[in-house]
file work27.tsv (TSV, C-alpha atoms)
chain	number	residue	atom	x	y	z
S	1252	MET	CA	0.00	0.00	0.00
S	1253	GLY	CA	1.30	3.39	-0.94
S	1254	GLN	CA	2.36	6.08	1.48
S	1255	GLY	CA	1.33	9.71	1.79
S	1256	GLN	CA	-1.14	10.85	-0.82
S	1257	ASN	CA	-1.25	7.35	-2.35
S	1258	ARG	CA	-2.46	5.76	0.87
S	1259	ILE	CA	-5.99	4.38	0.92
S	1260	ASP	CA	-7.59	5.73	4.09
S	1261	TRP	CA	-10.38	3.20	4.36
S	1262	ILE	CA	-7.88	0.34	4.29
S	1263	ASP	CA	-6.36	1.89	7.41
S	1264	THR	CA	-9.87	2.04	8.86
S	1265	ALA	CA	-10.29	-1.70	8.23
S	1266	LYS	CA	-6.94	-2.41	9.89
S	1267	GLY	CA	-7.91	-0.12	12.76
S	1268	ILE	CA	-11.16	-1.99	13.33
S	1269	CYS	CA	-9.30	-5.26	13.51
S	1270	ILE	CA	-6.46	-4.10	15.74
S	1271	LEU	CA	-9.05	-2.72	18.15
S	1272	LEU	CA	-10.81	-6.10	18.10
S	1273	VAL	CA	-7.46	-7.74	18.87
S	1274	VAL	CA	-6.88	-5.40	21.81
S	1275	VAL	CA	-10.41	-5.92	23.16
S	1276	ASN	CA	-10.09	-9.70	22.87
S	1277	HIS	CA	-6.86	-9.71	24.84
S	1278	ILE	CA	-8.39	-7.45	27.47
S	1279	LEU	CA	-11.27	-9.88	27.88
S	1280	ILE	CA	-8.85	-12.79	28.19
S	1281	PHE	CA	-6.78	-10.98	30.83
S	1282	CYS	CA	-10.04	-10.23	32.71
S	1283	ASP	CA	-10.88	-13.97	32.64
S	1284	PHE	CA	-14.02	-13.60	30.52
S	1285	PRO	CA	-13.48	-17.06	28.93
S	1286	ASN	CA	-14.20	-18.58	32.36
S	1287	ILE	CA	-16.56	-16.03	33.90
S	1288	TYR	CA	-18.79	-15.61	30.84
S	1289	LYS	CA	-17.88	-18.88	29.15
S	1290	GLU	CA	-20.76	-19.38	26.71
S	1291	GLN	CA	-21.18	-15.72	25.74
S	1292	TYR	CA	-17.46	-15.21	25.26
S	1293	ALA	CA	-17.08	-18.39	23.20
S	1294	ARG	CA	-19.86	-17.38	20.80
S	1295	VAL	CA	-18.54	-13.85	20.26
S	1296	SER	CA	-14.92	-15.03	20.15
S	1297	ASP	CA	-15.68	-17.65	17.49
S	1298	PHE	CA	-17.47	-15.03	15.39
S	1299	LEU	CA	-14.84	-12.29	15.61
S	1300	GLY	CA	-11.93	-14.71	15.58
S	1301	SER	CA	-13.06	-16.17	12.28
S	1302	PHE	CA	-11.97	-13.06	10.37
S	1303	ARG	CA	-9.88	-10.95	12.78
S	1304	MET	CA	-6.46	-12.33	11.75
S	1305	PRO	CA	-7.41	-13.51	8.22
S	1306	LEU	CA	-7.97	-9.84	7.34
S	1307	TYR	CA	-4.30	-9.04	7.86
S	1308	PHE	CA	-3.15	-11.97	5.72
S	1309	PHE	CA	-5.66	-10.86	3.09
S	1310	LEU	CA	-4.39	-7.26	3.09
S	1311	SER	CA	-0.81	-8.40	2.66
S	1312	GLY	CA	-1.92	-10.48	-0.32
S	1313	LEU	CA	-4.00	-7.59	-1.65
S	1314	PHE	CA	-0.87	-5.44	-1.94
S	1315	PHE	CA	1.56	-8.26	-2.76
S	1316	LYS	CA	4.56	-7.35	-4.94
S	1317	GLN	CA	7.64	-9.34	-5.86
S	1318	TYR	CA	9.88	-6.22	-5.76
S	1319	GLY	CA	12.02	-7.34	-8.67
S	1320	GLY	CA	13.41	-10.57	-7.26
S	1321	LEU	CA	13.84	-12.82	-4.23
S	1322	ALA	CA	16.67	-10.83	-2.62
S	1323	ALA	CA	14.77	-7.54	-2.84
S	1324	PHE	CA	11.59	-9.23	-1.62
S	1325	ILE	CA	13.28	-10.78	1.42
S	1326	ARG	CA	14.94	-7.47	2.24
S	1327	LYS	CA	11.59	-5.66	2.06
S	1328	LYS	CA	9.78	-8.16	4.24
S	1329	THR	CA	12.67	-8.36	6.68
S	1330	ASN	CA	12.47	-4.61	7.23
S	1331	LYS	CA	8.68	-4.55	7.52
S	1332	LEU	CA	8.11	-7.73	9.54
S	1333	LEU	CA	11.14	-9.66	10.74
S	1334	ILE	CA	13.11	-6.75	12.23
S	1335	PRO	CA	10.10	-5.47	14.26
S	1336	PHE	CA	9.49	-9.06	15.39
S	1337	LEU	CA	13.11	-9.55	16.48
S	1338	PHE	CA	13.28	-6.19	18.26
S	1339	PHE	CA	10.10	-6.55	20.29
S	1340	TYR	CA	10.75	-10.23	20.92
S	1341	LEU	CA	14.31	-9.81	22.18
S	1342	VAL	CA	13.39	-6.79	24.30
S	1343	PHE	CA	10.02	-7.75	25.78
S	1344	SER	CA	10.08	-11.55	25.61
S	1345	VAL	CA	13.72	-12.08	26.57
S	1346	ALA	CA	15.55	-9.10	28.07
S	1347	VAL	CA	12.76	-7.64	30.23
S	1348	PRO	CA	11.68	-11.02	31.71
S	1349	LEU	CA	15.31	-11.80	32.53
S	1350	LEU	CA	15.63	-8.51	34.38
S	1351	ILE	CA	12.38	-9.18	36.24
S	1352	ILE	CA	13.52	-12.67	37.18
S	1353	GLN	CA	16.88	-11.43	38.40
S	1354	ALA	CA	15.25	-8.63	40.40
S	1355	ARG	CA	12.54	-10.98	41.70
S	1356	SER	CA	10.03	-8.36	40.72
S	1357	PRO	CA	6.29	-9.01	40.29
S	1358	LEU	CA	6.27	-6.41	37.51
S	1359	LEU	CA	4.29	-7.27	34.37
S	1360	ASN	CA	2.13	-9.71	36.33
S	1361	LEU	CA	3.41	-12.67	34.35
S	1362	ARG	CA	0.40	-14.93	33.86
S	1363	SER	CA	2.58	-17.76	32.58
S	1364	SER	CA	5.21	-18.54	35.19
S	1365	VAL	CA	8.67	-17.51	34.03
S	1366	HIS	CA	10.21	-17.27	37.47
S	1367	GLY	CA	13.55	-19.01	37.22
S	1368	ALA	CA	13.13	-19.67	33.49
S	1369	PRO	CA	16.50	-20.26	31.83
S	1370	LEU	CA	17.65	-18.13	28.91
S	1371	PRO	CA	17.04	-20.88	26.30
S	1372	THR	CA	13.39	-21.12	27.39
S	1373	LEU	CA	12.87	-17.42	26.77
S	1374	LEU	CA	14.89	-17.34	23.57
S	1375	LEU	CA	13.00	-20.27	22.06
S	1376	ASP	CA	9.52	-19.22	23.17
S	1377	PHE	CA	8.74	-18.28	19.54
S	1378	TYR	CA	9.74	-21.78	18.41
S	1379	TYR	CA	8.08	-23.99	20.99
S	1380	ASN	CA	5.24	-21.85	22.31
S	1381	ASP	CA	4.30	-19.36	19.55
S	1382	CYS	CA	5.56	-16.41	21.66
S	1383	GLN	CA	2.83	-16.97	24.24
S	1384	LEU	CA	5.01	-16.80	27.36
S	1385	ILE	CA	5.18	-13.00	27.49
S	1386	ASN	CA	4.19	-11.06	24.36
S	1387	GLY	CA	1.81	-13.39	22.55
S	1388	PRO	CA	0.78	-11.19	19.59
S	1389	LEU	CA	4.31	-11.31	18.18
S	1390	TRP	CA	3.55	-14.72	16.65
S	1391	PHE	CA	1.66	-12.92	13.91
S	1392	LEU	CA	4.66	-10.96	12.59
S	1393	LEU	CA	6.76	-14.10	12.29
S	1394	CYS	CA	3.88	-16.00	10.70
S	1395	LEU	CA	3.14	-13.22	8.21
S	1396	PHE	CA	6.81	-13.14	7.21
S	1397	GLU	CA	6.67	-16.89	6.60
S	1398	VAL	CA	3.43	-16.58	4.60
S	1399	ASN	CA	5.01	-13.90	2.41
S	1400	ILE	CA	8.03	-16.08	1.65
S	1401	LEU	CA	5.80	-19.08	1.02
S	1402	PHE	CA	3.57	-17.12	-1.34
S	1403	TYR	CA	6.58	-15.76	-3.19
S	1404	ALA	CA	7.66	-19.36	-3.78
S	1405	VAL	CA	4.17	-20.25	-5.03
S	1406	THR	CA	4.06	-17.33	-7.47
S	1407	SER	CA	7.56	-18.21	-8.68
S	1408	LEU	CA	6.31	-21.64	-9.71
S	1409	SER	CA	3.52	-20.14	-11.82
S	1410	HIS	CA	2.25	-16.66	-12.64
S	1411	ARG	CA	-1.17	-17.95	-13.68
S	1412	LEU	CA	-3.72	-16.99	-11.07
S	1413	ARG	CA	-5.62	-20.27	-11.11
S	1414	HIS	CA	-2.39	-22.20	-10.50
S	1415	VAL	CA	-1.45	-19.86	-7.65
S	1416	CYS	CA	-4.90	-20.35	-6.10
S	1417	LEU	CA	-4.76	-24.12	-6.45
S	1418	LEU	CA	-1.29	-24.39	-4.92
S	1419	SER	CA	-2.28	-22.05	-2.09
S	1420	LEU	CA	-5.37	-24.12	-1.33
S	1421	LEU	CA	-3.38	-27.35	-1.35
S	1422	ILE	CA	-0.89	-25.87	1.11
S	1423	GLY	CA	-3.80	-24.52	3.18
S	1424	PHE	CA	-5.41	-27.94	3.33
S	1425	SER	CA	-2.09	-29.41	4.42
S	1426	GLY	CA	-2.15	-26.91	7.30
S	1427	LEU	CA	-5.64	-28.08	8.23
S	1428	ALA	CA	-4.44	-31.69	8.08
S	1429	LEU	CA	-1.60	-30.85	10.46
S	1430	ALA	CA	-4.12	-29.24	12.83
S	1431	TYR	CA	-6.38	-32.29	12.64
S	1432	ALA	CA	-3.44	-34.62	13.35
S	1433	HIS	CA	-2.20	-32.35	16.18
S	1434	ILE	CA	1.20	-31.99	14.51
S	1435	ASP	CA	3.06	-28.82	15.48
S	1436	LEU	CA	5.74	-27.70	13.01
S	1437	HIS	CA	6.88	-25.01	15.48
S	1438	ALA	CA	7.63	-21.32	14.89
S	1439	SER	CA	4.10	-20.82	13.48
S	1440	ILE	CA	4.97	-22.60	10.21
S	1441	ASP	CA	1.86	-24.80	10.41
S	1442	THR	CA	-0.27	-21.68	10.85
S	1443	ALA	CA	1.45	-20.15	7.82
S	1444	PHE	CA	0.33	-23.15	5.76
S	1445	THR	CA	-3.26	-22.85	6.98
S	1446	CYS	CA	-3.45	-19.09	6.39
S	1447	LEU	CA	-1.86	-19.00	2.94
S	1448	PRO	CA	-5.27	-19.14	1.16
S	1449	PHE	CA	-6.31	-15.87	2.85
S	1450	PHE	CA	-3.20	-14.27	1.37
S	1451	ALA	CA	-4.03	-15.69	-2.06
S	1452	PHE	CA	-7.59	-14.45	-1.71
S	1453	GLY	CA	-6.24	-10.92	-1.35
S	1454	LEU	CA	-4.39	-11.24	-4.66
S	1455	ILE	CA	-7.53	-12.62	-6.34
S	1456	ILE	CA	-9.62	-9.68	-5.16
S	1457	ARG	CA	-6.97	-7.21	-6.33
S	1458	ARG	CA	-6.73	-8.72	-9.81
S	1459	ARG	CA	-10.34	-9.69	-10.42
S	1460	THR	CA	-12.31	-6.85	-8.80
S	1461	SER	CA	-12.24	-3.07	-8.53
S	1462	ILE	CA	-12.72	-3.02	-4.77
S	1463	LEU	CA	-10.07	-0.34	-4.27
S	1464	GLN	CA	-11.92	2.08	-6.54
S	1465	LYS	CA	-15.16	3.94	-5.87
S	1466	SER	CA	-18.26	2.60	-7.62
S	1467	LEU	CA	-22.05	2.73	-7.59
S	1468	PHE	CA	-21.95	-0.60	-5.76
S	1469	ASP	CA	-20.59	1.21	-2.69
S	1470	ARG	CA	-24.06	2.42	-1.68
S	1471	HIS	CA	-24.97	-1.18	-0.86
S	1472	LEU	CA	-21.85	-2.00	1.13
S	1473	ILE	CA	-23.44	-1.77	4.58
S	1474	ALA	CA	-26.12	-4.26	3.58
S	1475	TRP	CA	-23.54	-6.67	2.17
S	1476	ALA	CA	-21.33	-6.27	5.24
S	1477	SER	CA	-24.28	-6.98	7.54
S	1478	ALA	CA	-25.17	-10.11	5.59
S	1479	GLY	CA	-21.55	-11.26	5.72
S	1480	PHE	CA	-21.26	-10.73	9.46
S	1481	LEU	CA	-24.52	-12.63	9.99
S	1482	PHE	CA	-23.16	-15.52	7.94
S	1483	CYS	CA	-20.00	-15.65	10.07
S	1484	PHE	CA	-21.93	-15.39	13.33
S	1485	LEU	CA	-24.16	-18.31	12.37
S	1486	THR	CA	-21.49	-20.60	10.91
S	1487	ALA	CA	-18.11	-19.81	12.50
S	1488	GLY	CA	-16.42	-22.57	14.43
S	1489	SER	CA	-13.70	-22.37	17.06
S	1490	VAL	CA	-10.31	-21.43	15.60
S	1491	SER	CA	-7.08	-20.49	17.37
S	1492	PHE	CA	-4.91	-19.36	14.51
S	1493	PHE	CA	-1.84	-18.73	16.65
S	1494	ARG	CA	-1.71	-22.41	17.61
S	1495	ASN	CA	-3.22	-23.72	14.38
S	1496	GLU	CA	-6.02	-25.33	16.39
S	1497	LEU	CA	-9.50	-25.89	14.96
S	1498	HIS	CA	-12.49	-27.59	16.49
S	1499	GLY	CA	-15.60	-29.22	15.06
S	1500	THR	CA	-17.19	-27.40	12.14
S	1501	ALA	CA	-14.28	-24.94	11.89
S	1502	TYR	CA	-12.48	-27.34	9.55
S	1503	PHE	CA	-15.28	-26.83	7.02
S	1504	THR	CA	-16.03	-23.14	7.60
S	1505	VAL	CA	-12.62	-21.58	8.32
S	1506	TYR	CA	-11.98	-20.34	4.78
S	1507	ALA	CA	-15.57	-19.34	4.04
S	1508	CYS	CA	-15.89	-17.35	7.27
S	1509	GLY	CA	-12.40	-15.90	6.99
S	1510	CYS	CA	-13.00	-14.62	3.45
S	1511	VAL	CA	-16.61	-13.50	3.96
S	1512	GLY	CA	-15.79	-11.80	7.26
S	1513	THR	CA	-12.77	-10.08	5.76
S	1514	LEU	CA	-14.83	-8.70	2.87
S	1515	SER	CA	-17.48	-7.56	5.36
S	1516	VAL	CA	-14.91	-5.55	7.32
S	1517	LEU	CA	-13.62	-4.05	4.07
S	1518	PHE	CA	-17.14	-3.17	2.92
S	1519	LEU	CA	-17.89	-1.54	6.27
S	1520	ALA	CA	-14.60	0.38	6.29
S	1521	LYS	CA	-15.00	1.53	2.69
S	1522	ARG	CA	-18.47	2.86	3.43
S	1523	LEU	CA	-17.40	4.57	6.67
S	1524	GLY	CA	-14.24	6.02	5.13
S	1525	HIS	CA	-11.63	7.77	7.23
S	1526	ILE	CA	-12.26	7.66	11.00
S	1527	PRO	CA	-9.47	9.69	12.69
S	1528	LEU	CA	-8.70	7.54	15.75
S	1529	VAL	CA	-9.47	4.19	14.14
S	1530	SER	CA	-7.64	4.94	10.89
S	1531	TYR	CA	-4.61	6.26	12.77
S	1532	MET	CA	-4.34	3.11	14.86
S	1533	GLY	CA	-4.83	1.05	11.73
S	1534	ARG	CA	-2.04	2.82	9.90
S	1535	TYR	CA	0.35	2.03	12.75
S	1536	SER	CA	-1.27	-1.21	13.85
S	1537	ILE	CA	2.07	-3.00	13.99
S	1538	ILE	CA	3.11	-0.81	16.95
S	1539	THR	CA	-0.13	-1.45	18.82
S	1540	LEU	CA	0.13	-5.17	18.05
S	1541	CYS	CA	3.61	-5.35	19.54
S	1542	THR	CA	3.09	-3.21	22.65
S	1543	HIS	CA	-0.48	-3.45	23.97
S	1544	THR	CA	0.08	-6.74	25.83
S	1545	ILE	CA	2.93	-5.16	27.79
S	1546	TYR	CA	0.63	-2.37	28.94
S	1547	LEU	CA	-1.97	-4.98	29.87
S	1548	ARG	CA	0.55	-6.83	32.02
S	1549	LEU	CA	1.53	-3.60	33.74
S	1550	ALA	CA	-2.05	-2.59	34.51
S	1551	ILE	CA	-4.00	-5.81	35.00
S	1552	GLY	CA	-3.09	-6.53	38.62
S	1553	PHE	CA	-4.00	-3.09	39.90
S	1554	VAL	CA	-7.17	-2.81	37.83
S	1555	LEU	CA	-8.56	-6.22	38.75
S	1556	SER	CA	-7.92	-5.55	42.44
S	1557	HIS	CA	-10.13	-2.44	42.32
S	1558	PHE	CA	-12.88	-3.26	39.83
S	1559	THR	CA	-15.18	-6.07	38.79
S	1560	PRO	CA	-14.14	-8.00	35.64
S	1561	MET	CA	-16.67	-6.12	33.49
S	1562	ALA	CA	-15.59	-2.73	34.81
S	1563	SER	CA	-11.94	-3.79	34.57
S	1564	ALA	CA	-12.34	-4.46	30.86
S	1565	ILE	CA	-13.67	-0.96	30.29
S	1566	VAL	CA	-10.97	0.64	32.45
S	1567	LEU	CA	-8.23	-1.29	30.68
S	1568	LEU	CA	-9.52	-0.19	27.28
S	1569	LEU	CA	-9.49	3.41	28.51
S	1570	ILE	CA	-5.87	2.88	29.60
S	1571	ILE	CA	-4.58	1.02	26.54
S	1572	ILE	CA	-5.95	3.31	23.82
S	1573	PRO	CA	-4.42	6.54	25.23
S	1574	ALA	CA	-1.20	4.65	25.98
S	1575	GLU	CA	-0.98	3.56	22.34
S	1576	LEU	CA	-1.75	7.07	21.11
S	1577	VAL	CA	1.32	8.20	23.05
S	1578	THR	CA	3.46	5.19	22.11
S	1579	ILE	CA	2.88	5.39	18.36
S	1580	PRO	CA	4.38	8.87	17.77
S	1581	VAL	CA	7.23	8.21	20.21
S	1582	LEU	CA	8.30	4.97	18.52
S	1583	LYS	CA	7.75	6.45	15.07
S	1584	ARG	CA	10.16	9.26	15.88
S	1585	TYR	CA	12.82	7.54	17.94
S	1586	LEU	CA	12.70	3.92	16.74
S	1587	PRO	CA	11.49	4.10	13.12
S	1588	HIS	CA	13.84	1.37	11.88
S	1589	VAL	CA	12.44	-1.31	14.20
S	1590	THR	CA	8.77	-0.34	13.83
S	1591	ALA	CA	8.50	-0.72	10.03
S	1592	GLN	CA	8.58	3.03	9.43
S	1593	LYS	CA	12.04	3.11	7.85
S	1594	ASP	CA	14.27	0.42	6.39
S	1595	LEU	CA	17.14	-0.76	8.55
S	1596	TRP	CA	18.65	-3.05	5.92
call {"tool": "encode", "arguments": {"input": "work27.tsv", "output": "structure tokens"}}
result
Amino acid sequence: MGQGQNRIDWIDTAKGICILLVVVNHILIFCDFPNIYKEQYARVSDFLGSFRMPLYFFLSGLFFKQYGGLAAFIRKKTNKLLIPFLFFYLVFSVAVPLLIIQARSPLLNLRSSVHGAPLPTLLLDFYYNDCQLINGPLWFLLCLFEVNILFYAVTSLSHRLRHVCLLSLLIGFSGLALAYAHIDLHASIDTAFTCLPFFAFGLIIRRRTSILQKSLFDRHLIAWASAGFLFCFLTAGSVSFFRNELHGTAYFTVYACGCVGTLSVLFLAKRLGHIPLVSYMGRYSIITLCTHTIYLRLAIGFVLSHFTPMASAIVLLLIIIPAELVTIPVLKRYLPHVTAQKDLW
């Protein structure tokens, strides 16, 4: 996606909607909603989870470019995805926990016990545990990097769209087979297989539709988005993309719900257009993705000790959003090379 005047504002709105859904979901998890409001949370989580992460894979596919060759492509994706992943992982999933362990500090309210954890356990959290020990959302950056490389390989085998789609689906089905057999390839590679079709779907929409342009069809977008969301709500199964875990009907509905839900978010965002706060957070969603869990760990203990779980969720949202609105410009200015704002390599 272009920068400056070439940037498509409503795409940022779509990304903003989804990053806010990610933040809200993690707030609810930290407030123990999955246990306190088990049935209600499960229904809403299945619905929103069916398209929340697929949208980001779709958008990467929507704006996929080969950048003139494999070396240039890897360099581009390393700057945009792998370097931010490595920076936030080494700082917040390795260095900070080690300092906390050494200082015997309760800081960050570590939900997963890392007290006394050896350095190899922290270093290899991305490999064995999908980054879930400390800063869970980081799995997505690594996975998206892998999906990009995988899709580059697919498009190198054939430039014909139907061949690309077929190969992507076959790889996607292999990811589903791994999930069904409970085989973990580690480092989110199995999830990359499963999510590759969402990436390919983005390329299909870019080449076969005029979704990025204004049209008379846009007046009906809210109706189509509503119908799409209803479809996902009624049919979505339980999917945990970060662990490549699916349950029950999700094996049959994961791609339908992921694609329909993604289009519904896009239709809604295109109709709504630019929304200052939402679009801003969407434009810099990578920063919010990498930092909001740290703020949650800092605040959760105090908030839960003073409020009910429902009130805590609201208070935490009112803490996280302003915190991110401060964090984004600070990191943009002082750490642009590790937050995908400028190329380091």
call {"tool": "closest_residue", "arguments": {"input": "work27.tsv", "among": "S:Asp1283, S:Asp1260, S:Glu1496, S:Glu1290", "to": "Ser1530 in chain S", "atoms": "all atoms listed in the file"}}
result
S:Asp1260
call {"tool": "closest_residue", "arguments": {"input": "work27.tsv", "among": "S:Leu1412, S:Ile1572, S:Ile1434, S:Val1398", "to": "Arg1458 in chain S", "atoms": "only C-alpha atoms"}}
result
S:Leu1412
call {"tool": "closest_residue", "arguments": {"input": "work27.tsv", "among": "S:Pro1580, S:Leu1485, S:Thr1544, S:Met1304", "to": "Tyr1531 in chain S", "atoms": "only C-alpha atoms"}}
result
S:Pro1580
call {"tool": "axis_aligned_box", "arguments": {"input": "work27.tsv", "around": "range 1538-1544 of chain S", "padding_each_side": "3 Å", "output": "JSON"}}
result
{"center_x": 1.6, "center_y": -3.8, "center_z": 21.4, "size_x": 10.1, "size_y": 11.9, "size_z": 14.9}
call {"tool": "closest_residue", "arguments": {"input": "work27.tsv", "among": "S:Phe1424, S:Thr1486, S:Ser1515, S:Pro1448", "to": "Ala1474 in chain S", "atoms": "all atoms listed in the file"}}
result
S:Ser1515
call {"tool": "closest_residue", "arguments": {"input": "work27.tsv", "among": "S:Leu1481, S:Lys1331, S:Ser1461, S:Leu1393", "to": "Asp1441 in chain S", "atoms": "all atoms listed in the file"}}
result
S:Leu1393
call {"tool": "closest_residue", "arguments": {"input": "work27.tsv", "among": "S:Ala1265, S:Ala1550, S:Leu1454, S:Ala1438", "to": "Ile1570 in chain S", "atoms": "all atoms listed in the file"}}
result
S:Ala1550
call {"tool": "residues_around", "arguments": {"input": "work27.tsv", "residues": "range 1308-1320 of chain S", "least_positions_apart": "3", "cutoff": "9 Å", "atoms": "only C-alpha atoms", "output": "PyMOL selection string"}}
result
chain S and resi 1252+1262+1266+1304-1305+1323-1325+1327+1395+1398-1399+1402-1403+1406+1446-1458+1510+1513
call {"tool": "atom_distance", "arguments": {"input": "work27.tsv", "atom1": "CA of Leu1427 in chain S", "atom2": "CA of Ala1507 in chain S"}}
result
13.9 Å
call {"tool": "atom_distance", "arguments": {"input": "work27.tsv", "atom1": "CA of Ser1407 in chain S", "atom2": "CA of Ile1422 in chain S"}}
result
15.0 Å
call {"tool": "atom_distance", "arguments": {"input": "work27.tsv", "atom1": "CA of Phe1558 in chain S", "atom2": "CA of Leu1576 in chain S"}}
result
24.1 Å
call {"tool": "residues_around", "arguments": {"input": "work27.tsv", "residues": "range 1518-1528 of chain S", "least_positions_apart": "4", "cutoff": "9 Å", "atoms": "all atoms listed in the file", "output": "CSV table (one decimal) with C-alpha atoms, keeping the file's coordinate frame"}}
result
chain,number,residue,atom,x,y,z
S,1260,ASP,CA,-7.6,5.7,4.1
S,1261,TRP,CA,-10.4,3.2,4.4
S,1262,ILE,CA,-7.9,0.3,4.3
S,1263,ASP,CA,-6.4,1.9,7.4
S,1264,THR,CA,-9.9,2.0,8.9
S,1265,ALA,CA,-10.3,-1.7,8.2
S,1266,LYS,CA,-6.9,-2.4,9.9
S,1267,GLY,CA,-7.9,-0.1,12.8
S,1268,ILE,CA,-11.2,-2.0,13.3
S,1462,ILE,CA,-12.7,-3.0,-4.8
S,1463,LEU,CA,-10.1,-0.3,-4.3
S,1465,LYS,CA,-15.2,3.9,-5.9
S,1469,ASP,CA,-20.6,1.2,-2.7
S,1470,ARG,CA,-24.1,2.4,-1.7
S,1471,HIS,CA,-25.0,-1.2,-0.9
S,1472,LEU,CA,-21.8,-2.0,1.1
S,1473,ILE,CA,-23.4,-1.8,4.6
S,1475,TRP,CA,-23.5,-6.7,2.2
S,1476,ALA,CA,-21.3,-6.3,5.2
S,1477,SER,CA,-24.3,-7.0,7.5
S,1513,THR,CA,-12.8,-10.1,5.8
S,1514,LEU,CA,-14.8,-8.7,2.9
S,1532,MET,CA,-4.3,3.1,14.9
S,1533,GLY,CA,-4.8,1.0,11.7
S,1576,LEU,CA,-1.8,7.1,21.1
call {"tool": "residues_around", "arguments": {"input": "work27.tsv", "residues": "Tyr1546 in chain S", "least_positions_apart": "6", "cutoff": "10 Å", "atoms": "only C-alpha atoms", "output": "list of chain:residue names"}}
result
S:Leu1359, S:Leu1567, S:Ile1570, S:Ile1571, S:Ala1574, S:Glu1575
call {"tool": "residues_around", "arguments": {"input": "work27.tsv", "residues": "range 1581-1594 of chain S", "least_positions_apart": "6", "cutoff": "12 Å", "atoms": "only C-alpha atoms", "output": "ChimeraX atom specification"}}
result
/S:1254,1326-1342,1392,1534-1542,1574-1575
call {"tool": "build_atoms", "arguments": {"input": "work27.tsv", "residues": "range 1429-1433 of chain S", "atoms": "all heavy atoms", "output": "PDB file, in the coordinates of the input"}}
result
ATOM      1  N   LEU S1429      -2.521 -30.883   9.311  1.00  0.00           N
ATOM      2  CA  LEU S1429      -1.600 -30.850  10.460  1.00  0.00           C
ATOM      3  C   LEU S1429      -2.357 -30.531  11.743  1.00  0.00           C
ATOM      4  O   LEU S1429      -2.088 -31.123  12.798  1.00  0.00           O
ATOM      5  CB  LEU S1429      -0.516 -29.789  10.225  1.00  0.00           C
ATOM      6  CG  LEU S1429       0.518 -30.099   9.144  1.00  0.00           C
ATOM      7  CD1 LEU S1429       1.362 -28.869   8.845  1.00  0.00           C
ATOM      8  CD2 LEU S1429       1.415 -31.262   9.569  1.00  0.00           C
ATOM      9  N   ALA S1430      -3.309 -29.580  11.653  1.00  0.00           N
ATOM     10  CA  ALA S1430      -4.120 -29.240  12.830  1.00  0.00           C
ATOM     11  C   ALA S1430      -4.937 -30.441  13.276  1.00  0.00           C
ATOM     12  O   ALA S1430      -5.022 -30.742  14.472  1.00  0.00           O
ATOM     13  CB  ALA S1430      -5.028 -28.057  12.506  1.00  0.00           C
ATOM     14  N   TYR S1431      -5.531 -31.138  12.317  1.00  0.00           N
ATOM     15  CA  TYR S1431      -6.380 -32.290  12.640  1.00  0.00           C
ATOM     16  C   TYR S1431      -5.560 -33.414  13.288  1.00  0.00           C
ATOM     17  O   TYR S1431      -6.024 -34.094  14.197  1.00  0.00           O
ATOM     18  CB  TYR S1431      -7.047 -32.806  11.362  1.00  0.00           C
ATOM     19  CG  TYR S1431      -8.044 -33.903  11.604  1.00  0.00           C
ATOM     20  CD1 TYR S1431      -9.325 -33.617  12.075  1.00  0.00           C
ATOM     21  CD2 TYR S1431      -7.708 -35.241  11.369  1.00  0.00           C
ATOM     22  CE1 TYR S1431     -10.251 -34.629  12.306  1.00  0.00           C
ATOM     23  CE2 TYR S1431      -8.617 -36.261  11.598  1.00  0.00           C
ATOM     24  CZ  TYR S1431      -9.886 -35.942  12.068  1.00  0.00           C
ATOM     25  OH  TYR S1431     -10.805 -36.944  12.296  1.00  0.00           O
ATOM     26  N   ALA S1432      -4.307 -33.568  12.816  1.00  0.00           N
ATOM     27  CA  ALA S1432      -3.440 -34.620  13.350  1.00  0.00           C
ATOM     28  C   ALA S1432      -2.667 -34.171  14.588  1.00  0.00           C
ATOM     29  O   ALA S1432      -1.876 -34.939  15.136  1.00  0.00           O
ATOM     30  CB  ALA S1432      -2.463 -35.067  12.267  1.00  0.00           C
ATOM     31  N   HIS S1433      -2.894 -32.917  15.018  1.00  0.00           N
ATOM     32  CA  HIS S1433      -2.200 -32.350  16.180  1.00  0.00           C
ATOM     33  C   HIS S1433      -0.680 -32.393  16.008  1.00  0.00           C
ATOM     34  O   HIS S1433       0.061 -32.712  16.941  1.00  0.00           O
ATOM     35  CB  HIS S1433      -2.598 -33.083  17.460  1.00  0.00           C
ATOM     36  CG  HIS S1433      -4.067 -33.065  17.724  1.00  0.00           C
ATOM     37  ND1 HIS S1433      -4.760 -31.928  18.084  1.00  0.00           N
ATOM     38  CD2 HIS S1433      -4.998 -34.059  17.650  1.00  0.00           C
ATOM     39  CE1 HIS S1433      -6.034 -32.223  18.245  1.00  0.00           C
ATOM     40  NE2 HIS S1433      -6.210 -33.495  17.970  1.00  0.00           N
TER      41      HIS S1433
END
